[in-house]
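> One structure coming up, written as structure tokens, with questions to follow.
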Amino acid sequence: MHRYIPLTETEKQQMLRAVGVSSMEDLFASIPASLRLKRPLCLPEPLGELDVERRMTELERQNVEPRLCFLGAGAYYHHIPAHVGQLASRSEFLTAYTPYQPEVSQGTLQAIFEFQTMICQLTGLDVANASMYDGASATAEAMLMANRANGRGTFLLARSLHPEYRQVCRTYAANLGFKLVETGSTPQGTTDLDAAAATAGPDLAAIIMQSPNFFGCLEDWSAASALAKKHGALSIAVVAEPLSLAIAKSPGECGCDIAVGEAQSFGVPISFGGPYLGFMAALDKHVRNMPGRLVGQTVDRNGRRGFVLTLATREQHIRREKATSNICTNEGLCALMATIYLATLGRHGLRDLAVLNLSLASYARKTIAASKTLRLRFHAAGFNELVVELRGPAAPAHRKLLDKGIVAGLPLGGFYPELSRCLLLYVQETTRKEDIDELVHELDGLDS
Amino acid sequence: MHRYIPLTETEKQQMLRAVGVSSMEDLFASIPASLRLKRPLCLPEPLGELDVERRMTELERQNVEPRLCFLGAGAYYHHIPAHVGQLASRSEFLTAYTPYQPEVSQGTLQAIFEFQTMICQLTGLDVANASMYDGASATAEAMLMANRANGRGTFLLARSLHPEYRQVCRTYAANLGFKLVETGSTPQGTTDLDAAAATAGPDLAAIIMQSPNFFGCLEDWSAASALAKKHGALSIAVVAEPLSLAIAKSPGECGCDIAVGEAQSFGVPISFGGPYLGFMAALDKHVRNMPGRLVGQTVDRNGRRGFVLTLATREQHIRREKATSNICTNEGLCALMATIYLATLGRHGLRDLAVLNLSLASYARKTIAASKTLRLRFHAAGFNELVVELRGPAAPAHRKLLDKGIVAGLPLGGFYPELSRCLLLYVQETTRKEDIDELVHELDGLDS
Amino acid sequence: MRIEEKLIFEKSRAGRVGYAVPSTTVDPVDPSAALGPYYREDIPGFPELSEPEVIRHFVNLSKLNYSIDEGMYPLGSCTMKYNPKINEKMAAKEGFAGAHPYWPPELVQGCLRVMKEVEYGLCDISGLDAFSLQPAAGAHGELTGMLMIRAYHKSRDENRDIVLIPDSAHGTNPSSAHIGGLKVQQIASNARGRLDVESLRKHLSPKVAALMITNPNTLGLFEDEIGRIAELLHAAGAQLYMDGANMNALLGKVRPGDFGVDVLHINLHKTFSTPHGGGGPGSGPVGVKTHLEPFLPVPVIVDEAGRLRLDYSRPESIGRVRAFYGNFGMVVRAYTYILSLGSEGMSAISEAAVLNANYLRVKLMERYHLAYEGLCMHESVFTDKRQAASGVTTMNIAKRLMDYGFHPPTVYFPLIVSGALMIEPTESEPLEELDRFVAVMNTIADEAQTNPDIVKNAPHTTPILRLDETRAARTPVLRWRPENR
Amino acid sequence: MRIEEKLIFEKSRAGRVGYAVPSTTVDPVDPSAALGPYYREDIPGFPELSEPEVIRHFVNLSKLNYSIDEGMYPLGSCTMKYNPKINEKMAAKEGFAGAHPYWPPELVQGCLRVMKEVEYGLCDISGLDAFSLQPAAGAHGELTGMLMIRAYHKSRDENRDIVLIPDSAHGTNPSSAHIGGLKVQQIASNARGRLDVESLRKHLSPKVAALMITNPNTLGLFEDEIGRIAELLHAAGAQLYMDGANMNALLGKVRPGDFGVDVLHINLHKTFSTPHGGGGPGSGPVGVKTHLEPFLPVPVIVDEAGRLRLDYSRPESIGRVRAFYGNFGMVVRAYTYILSLGSEGMSAISEAAVLNANYLRVKLMERYHLAYEGLCMHESVFTDKRQAASGVTTMNIAKRLMDYGFHPPTVYFPLIVSGALMIEPTESEPLEELDRFVAVMNTIADEAQTNPDIVKNAPHTTPILRLDETRAARTPVLRWRPENR
Ligand SMILES: Cc1ncc(COP(=O)(O)O)c(C=O)c1O
Ligand SMILES: Cc1ncc(COP(=O)(O)O)c(C=O)c1O
């Protein structure tokens with residue numbers, strides 16, 4: 001008897017009789033005997049809960065938590081109010097399936113409708129879907145969507161777009177005959193849109209640009225949108241740290257057609273890279289090309305407002321190979337967490353938090369600028385990330401600080417060989433002034 | 001604006017107008033001005049949630065968790081399945097009041113009814129209440145109850161009853177003219193019932209005896225009950241570690257009239273001593289003398305089964321100074337946790353767990369017996385606690401082991417000066433064989 | 001929605017298991033051999049379920065409850081305010097929830113610090129000099145206070161054993177006095193809903209140990225003659241005990257210690273936002289002026305240059321009222337709350353709580369009879385007088401509220417108001433919720449005139465309908481029995 | 001119960017706050033100066049609520065949902081089994097939930113170990129040689145598999161771009177193939193509800209990259225000719241892809257790797273008990289035989305004498321299908337589950353799941369038309385044929401089940417069965433719940449005859465009644481707008 005399985009031996013016998021077979025063995029008769037596994041699996045014995053916890057705690061302790069961490073780069077630690085997790089883990093949310101049966105799923109449906117609205121508000125666009133797997137795959141899906149919209153196959157990707165997002169675009173594009181062109185950055189740290197303009201042509205499907213970009217610099221989506229428009233192409237905004245949208249111009253205000261990104265920042269634990277929360281928003285005119293689920297408002301038999309999954313003819317379970325995407329299970333619960341988080345922070349709190357992040361980054365910039373050996377690599381306006389340049393190679397410096405319990409951001413040489421002396425640093429609301437001082441002091445002292 | 005208080009400034013003004021006063025100040029006009037506090041409180045500034053967490057984490061870190069702990073003595077660490085806390089913290093249970101309005105409180109009421117039943121099953125008695133503050137105050141209340149039942153004022157308390165329980169009985173009895181007589185133990189570690197018999201007389205109200213007693217030894221409730229009966233007195237059983245009841249004879253089987261105790265063992269965190277879960281059960285004939293709330297079964301207008309608080313005429317809100325007790329708020333949520341815990345362990349699991357505890361204690365006994373310098377102080381049959389005697393004083397030995405991260409139980413000299421070379425040790429399901437070996441080894445080595 | 005949930009015992013099936021015993025490397029012992037005559041074979045009828053069934057059972061039970069987290073819970077005298085979720089998280093911290101009460105003080109400085117800081121905070125808020133956090137609830141605090149007062153008088157060789165208690169008091173007041181071995185004399189309230197000072201004066205005697213007063217009282221009114229009352233009592237050698245269950249209205253505005261109170265208990269599960277848990281646990285710290293400090297329960301936490309220790313050697317102490325140090329988990333929650341609110345927040349609470357209460361008072365006065373006129377504090381008390389003509393009672397109104405998605409107010413208390421409806425919104429309610437409550441109450445007032453039966457037979461939409469309480473008491477069924485299956 | 005809950009935006013009131021920004025000692029920056037032309041003033045219409053209101057909103061929303069923790073959720077193909085609570089606790093452990101994906105490997109050996117152990121466990125269970133945990137859900141795993149197969153053929157200079165898919169397949173199968181740049185050809189099922197081998201043979205060609213088969217298939221039937229099918233495919237130079245969404249029926253009984261499967265994805269959010277969360281997150285690990293290992297997504301976790309590292313330099317890899325390493329939180333839950341069940345437990349699952357499904361099959365056959373006769377695996381598919389005469393459809397039956405407290409089965413899928421009712425109870429259901437379901441289904445069958453309207457107009461007791469889906473699609477309202485207030 002296993003604690004997760006209610007059937008008792010007596011019941012099993014009774015049920016086998018009802019089914020008309022004489023043994024468990026016979027129940028599996030439709031599997032040809034020749035194929036059957038004739039030995040037990042190699043997995044160990046079942047464990048009781050205490051033993052499971054012991055094992056998991058052992059594994060947890062094989063991790064080492066640094067004392068200070070300045071690492072963002074697409075996965076952003078933010079403080080999460082206690083109730084976000086408590087509410088999202090209510091059985092009714094946690095253990096419900098996709099809301100295919102709206103009459104018994106209004107909780108999930110309304111929450112997603114609210115999520116869609118918040119994403120629209122943040123991105124300044126008309127319509128948002130119920131979530132995508134993550135920011136990277138959402139970016140790839142935006143690429144496919146642009147291709148559906150204008151039939152073209154050339155994409156301009158800012159090189160300052162998260163390197164893993166670019167990799168995912170390449171993977172998705174592998175068999176589709178697309179051309180992915182990367183555009184470098186100016187010394188200021190933003191995309192060289194003049195260079196981009198030079199390569200753009202009539203086969204341009206879309207420009208894909210992230211802001212704040214991977215270096216933490218704000219990009220000029222308006223200029224990118226103008227360039228895209230000139231060529232009849234779409235402008236796709238990518239946002240990996242959407243807290244920035246509380247104080248930075250939205251994709252919608254900048255003339256973008258589509259905004260995609262990662263909303264893990266909004267109340268989703270950093271959890272070694274997943275589950276996260278891809279999002280996608282677009283102008284109304286693109287809605288039928290959008291991938292993913294959409295919740296819409298309607299009324300019931302009595303005229304009362306209610307919510308349902310809608311425009312399903314875009315989706316795989318109706319359209320099969322002609323669907324806008326293969327996505328089915330998405331990141332619903334993470335979307336709920338973000339909705340709770342955003343409802344809590346609200347119009348004022350979100351802004352206050354963004355300003356705090358900005359203030360800390362600004363202090364970090366100043367402190368770096370005032371140091372002996374360090375310099376800011378890029379001077380474009382930014383949000384809560386920045387790139388610091390050391391006199392020597394960054395990777396060994398990073399390792400030295402690790403010995404002191406400090407994760408000094410991300411050494412950039414792996415993704416950008418030309419930035420091998422640079423570290424990408426992230427600060428946020430739990431970063432204290434002293435932490436920044438210590439980091440800069442330690443980095444500054446390495447050279448002496 | 002504070003995040004917990006919804007009213008905005010505008011709303012406050014609007015409401016003040018509706019109330020017909022012109023300022024917040026005027027709203028408090030019924031407090032004489034001379035009494036009013038004319039300065040702010042000295043409490044610090046309000047903190048946001050992150051700052052609160054930081055402060056609490058600082059305080060948490062001022063605690064030091066020992067590596068190994070062999071301490072029970074009335075507060076019993078047991079592993080708690082994850083879902084106990086998760087279910088009990090559902091808003092519907094956690095943030096409901098006492099179920100005065102049964103139509104919207106059936107969840108709480110039915111759970112308490114189930115709790116009452118489980119306590120009856122465990123104690124072998126007829127009726128149990130909805131909980132008491134803790135084991136100690138429940139014992140004192142049992143004393144008051146016996147006095148109500150037979151009007152007598154002399155109580156025989158086993159000296160092996162938890163010292164703090166005895167103190168609480170004395171505090172409660174302070175102004176009531178009761179006589180509390182303590183009866184010592186035999187060298188075996190159990191109450192000297194012959195000595196008790198010698199002191200018992202016609203004014204004997206009740207014999208109060210704990211099993212397993214404070215030294216971990218099983219007491220002979222049957223003999224105590226026989227003695228009480230002989231004098232027309234009541235037999236009160238106290239149980240501080242009710243896991244024992246899974247394999248040890250129940251108070252009911254031993255002829256006790258009342259059983260009280262502490263059910264913290266059943267899924268309630270050890271939490272530095274509280275909140276815990278006092279319980280009380282009794283024979284049917286005593287029900288009208290019982291303190292505390294009782295949930296009873298009834299039917300609704302349509303004949304459907306439902307539950308209500310009942311026999312309230314015993315209680316303070318009806319009977320005021322003539323009530324059986326002043327208790328109002330009890331330990332409802334802890335009772336719920338225990339109910340969930342017991343439902344999970346169930347008929348088999350509870351027994352298996354008790355046997356495991358017993359087996360570990362038995363191993364500890366054997367290991368101690370085989371040691372060079374240690375000996376078991378008491379040889380009566382026990383459950384998961386035992387008393388070890390060192391060659392020298394126990395308190396310094398205890399301190400020495402503390403330096404090695406081991407809490408070697410409780411030095412008994414404080415409560416029992418004659419046991420100043422003794423430690424009360426507790427083992428349970430998370431104790432490993434190696435832990436016992438290490439403890440015995442360390443204690444054994446002290447002398448050399 | 002499933003509205004019927006069988007008893008856990010009825011769901012039990014022989015052979016099901018919901019638990020796997022932990023592994024061990026020690027040899028199993030035969031319990032019958034080890035326990036001999038004490039051995040017990042089995043617990044017949046004890047439940048046997050798998051884990052998923054246990055989960056469903058309690059999830060489905062929970063759905064039959066109403067809770068603050070769903071809507072207003074205007075139980076007068078209960079201060080059903082928002083219970084912040086961060087409090088729960090802090091109390092569950094392994095360092096706190098996992099600390100054993102008998103660990104030596106050097107291991108638990110964090111726990112002791114939390115307790116001490118709450119004591120300091122309560123002193124600041126109440127104007128008293130020292131607190132004990134040992135009592136497990138309000139009534140337990142009352143008992144502790146009574147015992148201390150009695151011990152105090154005894155220490156001065158005075159045999160005072162009478163406690164004066166207003167007729168509006170909560171039932172625990174007289175009961176706690178009685179359990180503590182004191183005699184109760186009841187003092188009438190005056191027409192203004194306050195303690196009648198003349199009547200008090202008449203009761204004063206050398207036998208009087210204390211007056212036990214609730215302020216604001218259970219009518220939601222501030223005892224505005226409290227200064228005079230304290231003088232009279234002290235002049236007569238008696239002590240002033242205050243039931244601080246309604247402290248929510250006073251936070252940052254006025255301090256009991258400043259108006260003559262000698263002993264006070266506070267309910268952390270009311271004013272300090274710890275959840276009520278369907279009946280507890282609570283926490284009822286008791287505070288005293290300096291002259292009563294020696295009588296506090298042991299142990300007392302002593303702060304010595306930042307190091308905390310437990311002091312047990314206090315010869316005049318009343319002893320203990322329970323094991324260990326109190327409902328520590330509730331104290332952690334209260335401390336979290338105090339940190340979250342701070343000085344400013346405390347005043348903001350009392351202001352919003354009193355404003356909400358007065359707003360409801362003036363709005364409900366239009367259709368319901370208000371027991372006592374004038375500004376109220378945290379709550380106000382109405383009656384069913386204006387509905388009486390149609391035969392609609394307070395109980396009917398209470399039950400009808402359920403049909404509209406509200407928990408009823410406290411009913412038929414205080415006892416001095418016939419058909420009392422005692423309404424305390426707390427500071428946690430948004431204006432819309434108050435307005436919605438008023439609208440529903442007005443609808444019920446309409447119904448009482450136009451369709452009284454719908455009110456009298458309420459509730460109609462709850463999981464279960466009106467229950468037969470008489471039957472429950474007359475033929476008590478207080479437990480399930482195996483033979484019921 | 002409150003059954004209507006306004007939108008969060010409608011509850012918003014100007015000036016309310018639910019959050020206090022953390023303290024800092026750095027100077028605040030003026031964002032408009034710092035951001036210059038990029039500065040944004042405000043987000044109009046963004047909600048403003050206090051914390052208690054936020055809590056109530058989501059608690060009340062939750063109450064409008066049905067969930068596994070309340071009762072049976074017999075959605076065919078979805079494996080709505082019990083989601084153990086311990087899984088949640090383990091995933092929330094600070095050491096796991098707080099680990100950054102770019103921390104150097106020496107800091108995250110614990111995380112990597114959890115992942116590696118799940119890979120090993122899945123290999124053992126499936127008989128495949130290597131797994132990637134990167135895909136975020138089943139469909140994502142399918143896409144990954146398709147890309148690997150295509151890359152494999154390319155690496156052998158074969159331009160195979162056709163994928164054969166049975167007509168009973170889940171919609172994600174053809175869609176994933178298409179998104180991966182492959183062409184889909186549909187294969188008919190035979191009268192036994194299995195893939196028609198003759199038809200398969202006819203479709204085989206040098207252009208065929210793979211067959212994508214689901215086993216047990218969506219009719220709940222084991223593809224008993226799978227051995228033959230694998231042979232045919234391999235002989236034709238094509239790969240066998242298996243959609244492992246229905247692995248629950250096979251655990252410990254038969255391994256895809258042993259019957260010729262080259263690539264397989266498994267849904268941790270089905271077979272391995274991670275909660276479905278109202279739509280996700282899931283996790284769709286993809287497993288391969290050795291010849292496909294070089295094509296796995298990067299990074300791959302390499303176990304070097306107990307030390308784990310991430311290997312990125314894999315020239316033949318298809319690259320990444322998402323950022324970082326997959327839905328790690330789900331992997332922690334799955335590992336917890338694997339530890340809890342062990343080898344024995346895995347067989348116990350498949351046995352109970354298949355027994356429950358067959359029990360329902362034989363019981364429901366009495367009143368409902370079973371699409372395909374004979375022993376089923378984890379689920380069985382019925383139709384509304386026998387109810388058609390009274391005009392009662394599958395949708396009506398589904399909605400009527402809600403009135404009796406059940407979530408409906410999967411409806412109108414698979415597409416090859418007209419009016420399909422696809423019922424998968426999983427191993428988590430107790431016999432009583434199955435019997436109750438059968439009883440309710442029988443009642444509905446009765447009602448279909450005696451009172452069809454009550455079935456056709458169902459549901460009657462849900463928080464909201466039958467919704468107008470046509471209207472939702474015709475005039476889409478996909479977001480709230482400030483002007484709606
Ligand atoms: C005024 C008053 N005094 C005392 C009490 C008793 O408090 P407790 O229930 O915590 O024992 C209450 C609680 O209902 C109360 O309202
Ligand atoms: C047979 C089958 N294949 C594939 C999928 C898709 O899995 P996911 O929703 O995780 O993308 C499902 C899930 O609904 C399924 O039932």
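Note on naming: chains are A, B, ... as they come in the structure tokens, residues start from 1 per chain, ligands start from 1 in the order shown.
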Enumerate residues in contact with ligand 2: an atom-to-atom distance of at most 10 Å, counting only C-alpha atoms and all ligand atoms. Format the result as a count of residues only.

59

> Can you tell me, as a PyMOL selection string, what residues are no more than 7 Å from Asn327 of chain D when counting only C-alpha atoms, ignoring any on the same chain fewer than 2 positions away?

(chain A and resi 273-275) or (chain D and resi 136+283+325+329-331)

> So that I can see what lies close to Cys123 of chain C, please list as number ranges by chain the residues with an atom at most 12 Å from it, counting only C-alpha atoms and leaving out residues fewer than 4 positions away in the same chain.

B: 41-43; C: 116-119, 127-133, 251-252, 255-258, 263-266, 285-290

> I need the residues of segment 93-309 of chain A that end up classed as helix (DSSP H, G or I) by DSSP on the backbone, written out as a ChimeraX atom specification.

/A:93-94,102-104,106-123,135-150,163-173,193-199,221-230,242-246,271-273,284-289

> I'd like the neighbourhood of Asn87 of chain C as a PyMOL selection string, where a residue qualifies if any of its atoms comes within 7 Å (using only C-alpha atoms), though same-chain residues fewer than 6 positions away should be ignored.

chain C and resi 333+336-337

> Taking into account only C-alpha atoms and all ligand atoms, which residue in the set C:Leu232, C:Leu296, C:Met422, C:Val417 is nearest to ligand 1?

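With only C-alpha atoms and all ligand atoms as the atom set, the closest residue is C:Met422.
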
> Show me, as a list in words, the residues that have an atom within 8 Å of Pro212 of chain B when counting only C-alpha atoms, minus same-chain residues fewer than 2 positions from it.

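The residues satisfying every condition are Gln210, Phe214, Phe215, Gly216, Cys217, Leu218, Glu219, Val239, Ala240, Glu241, Ser244, Gly382 and Phe383 of chain B.
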
> Specify as JSON, numbers by chain all residues of chain D found within 12 Å of chain B, counting only C-alpha atoms.

{"D": [1, 11, 12, 13, 14, 15, 16, 17, 18, 19, 20, 21, 22, 23, 24, 48, 49, 50, 51, 52, 53, 54, 55, 56, 58, 59, 60, 62, 63, 69, 83, 84, 85, 86, 87, 88, 89, 90, 92]}

> DSSP says strand (DSSP E) for which residues of segment 171-241 of chain C? Put them as a PyMOL selection string?

chain C and resi 183-187+208-214+239-241

> Find the residues near segment 131-143 of chain A: any atom within 6 Å, counting only C-alpha atoms, skip ones fewer than 4 places away on the same chain, and give them as a CSV table (one decimal) with N, CA, C and O atoms, in the first residue's frame.


chain,number,residue,atom,x,y,z
A,165,TYR,N,18.3,34.3,-25.7
A,165,TYR,CA,17.1,34.6,-26.5
A,165,TYR,C,17.4,34.5,-28.0
A,165,TYR,O,16.7,33.9,-28.8
A,169,CYS,N,15.9,31.9,-30.8
A,169,CYS,CA,15.4,32.3,-32.1
A,169,CYS,C,16.1,31.5,-33.2
A,169,CYS,O,15.4,31.0,-34.1
A,260,VAL,N,7.3,41.3,-26.3
A,260,VAL,CA,7.4,40.0,-25.6
A,260,VAL,C,8.4,40.1,-24.5
A,260,VAL,O,9.2,41.1,-24.5
A,261,GLY,N,8.5,39.1,-23.7
A,261,GLY,CA,9.5,39.2,-22.6
A,261,GLY,C,9.3,38.2,-21.5
A,261,GLY,O,8.5,37.3,-21.6
A,262,GLU,N,10.0,38.5,-20.5
A,262,GLU,CA,10.0,37.6,-19.3
A,262,GLU,C,9.5,38.4,-18.1
A,262,GLU,O,10.0,39.4,-17.8
A,276,TYR,N,9.4,30.1,-15.3
A,276,TYR,CA,9.3,31.6,-15.5
A,276,TYR,C,8.0,32.0,-16.2
A,276,TYR,O,7.1,31.1,-16.4
A,277,LEU,N,8.0,33.2,-16.7
A,277,LEU,CA,6.7,33.6,-17.2
A,277,LEU,C,6.9,34.5,-18.5
A,277,LEU,O,7.1,35.7,-18.4
A,278,GLY,N,6.9,33.8,-19.6
A,278,GLY,CA,6.9,34.5,-20.9
A,278,GLY,C,5.6,35.3,-21.1
A,278,GLY,O,4.6,34.8,-20.7
A,279,PHE,N,5.8,36.5,-21.7
A,279,PHE,CA,4.5,37.2,-22.0
A,279,PHE,C,4.6,37.7,-23.4
A,279,PHE,O,5.7,37.8,-24.0
A,330,ASN,N,0.8,26.3,-20.6
A,330,ASN,CA,1.7,27.5,-20.6
A,330,ASN,C,2.2,27.7,-19.2
A,330,ASN,O,2.5,26.7,-18.5
A,331,GLU,N,2.3,28.9,-18.7
A,331,GLU,CA,2.8,29.2,-17.4
A,331,GLU,C,1.8,29.8,-16.5
A,331,GLU,O,2.0,30.8,-15.7
D,322,ARG,N,14.8,27.3,-25.0
D,322,ARG,CA,14.4,28.3,-24.0
D,322,ARG,C,15.6,28.8,-23.3
D,322,ARG,O,16.7,28.2,-23.4
D,323,ALA,N,15.5,29.8,-22.5
D,323,ALA,CA,16.6,30.3,-21.7
D,323,ALA,C,16.8,29.3,-20.5
D,323,ALA,O,15.9,28.7,-20.1

> Give me, as a compact mmCIF listing (two decimals) with N, CA, C and O atoms, in the first residue's frame, all polymer residues having an atom no more than 8 Å from segment 361-369 of chain B, counting only C-alpha atoms and skipping those fewer than 6 positions away in the same chain.


# COMPACT_ATOMS: atom_id res chain seq x y z
N ARG B 375 24.33 4.93 33.68
CA ARG B 375 23.34 3.89 33.96
C ARG B 375 21.94 4.46 33.83
O ARG B 375 21.71 5.66 33.91
N LEU B 376 21.03 3.57 33.55
CA LEU B 376 19.63 3.96 33.50
C LEU B 376 19.17 4.19 34.92
O LEU B 376 19.36 3.34 35.79
N PHE B 383 8.43 4.67 27.23
CA PHE B 383 8.08 4.87 25.83
C PHE B 383 9.26 5.50 25.09
O PHE B 383 10.18 4.78 24.73
N ASN B 384 9.27 6.80 24.92
CA ASN B 384 10.35 7.41 24.15
C ASN B 384 11.23 8.37 24.96
O ASN B 384 11.99 9.13 24.39
N GLU B 385 11.09 8.32 26.28
CA GLU B 385 11.96 9.12 27.14
C GLU B 385 12.56 8.22 28.21
O GLU B 385 11.97 7.20 28.59
N LEU B 386 13.70 8.63 28.72
CA LEU B 386 14.35 7.84 29.76
C LEU B 386 15.30 8.75 30.53
O LEU B 386 15.69 9.81 30.05
N VAL B 388 18.94 9.07 32.31
CA VAL B 388 20.27 8.49 32.41
C VAL B 388 20.98 9.16 33.59
O VAL B 388 20.83 10.36 33.82
N TYR B 426 15.24 12.23 25.34
CA TYR B 426 14.10 11.97 24.47
C TYR B 426 14.61 11.57 23.09
O TYR B 426 15.53 12.20 22.56
N VAL B 427 14.06 10.51 22.55
CA VAL B 427 14.39 10.14 21.17
C VAL B 427 13.10 10.01 20.38
O VAL B 427 12.05 9.71 20.93
N GLN B 428 13.20 10.27 19.10
CA GLN B 428 12.00 10.19 18.25
C GLN B 428 12.41 9.84 16.83
O GLN B 428 13.60 9.63 16.58
N LYS B 433 20.36 6.16 14.75
CA LYS B 433 21.19 5.28 15.57
C LYS B 433 22.52 5.96 15.90
O LYS B 433 22.96 5.99 17.05
N ILE B 436 22.37 8.50 18.66
CA ILE B 436 22.34 7.91 20.00
C ILE B 436 23.74 7.45 20.39
O ILE B 436 24.22 7.71 21.48
N ASP B 437 24.39 6.81 19.43
CA ASP B 437 25.76 6.35 19.69
C ASP B 437 26.64 7.53 20.08
O ASP B 437 27.42 7.46 21.03
N VAL B 440 25.76 8.88 23.62
CA VAL B 440 26.21 8.00 24.70
C VAL B 440 27.73 8.03 24.78
O VAL B 440 28.31 8.11 25.86
N VAL C 26 17.87 1.04 13.68
CA VAL C 26 17.80 0.27 14.93
C VAL C 26 16.80 -0.87 14.74
O VAL C 26 15.92 -0.82 13.90
N ASP C 27 16.97 -1.89 15.55
CA ASP C 27 16.08 -3.05 15.46
C ASP C 27 14.71 -2.72 15.99
O ASP C 27 14.58 -2.03 17.01
N VAL C 29 11.33 -3.18 17.97
CA VAL C 29 11.04 -3.81 19.25
C VAL C 29 9.61 -4.34 19.20
O VAL C 29 8.76 -3.76 18.53

> Find the distance between atom CA of Met148 of chain C and atom CA of Val261 of chain C and write it in Å to one decimal.

14.0 Å
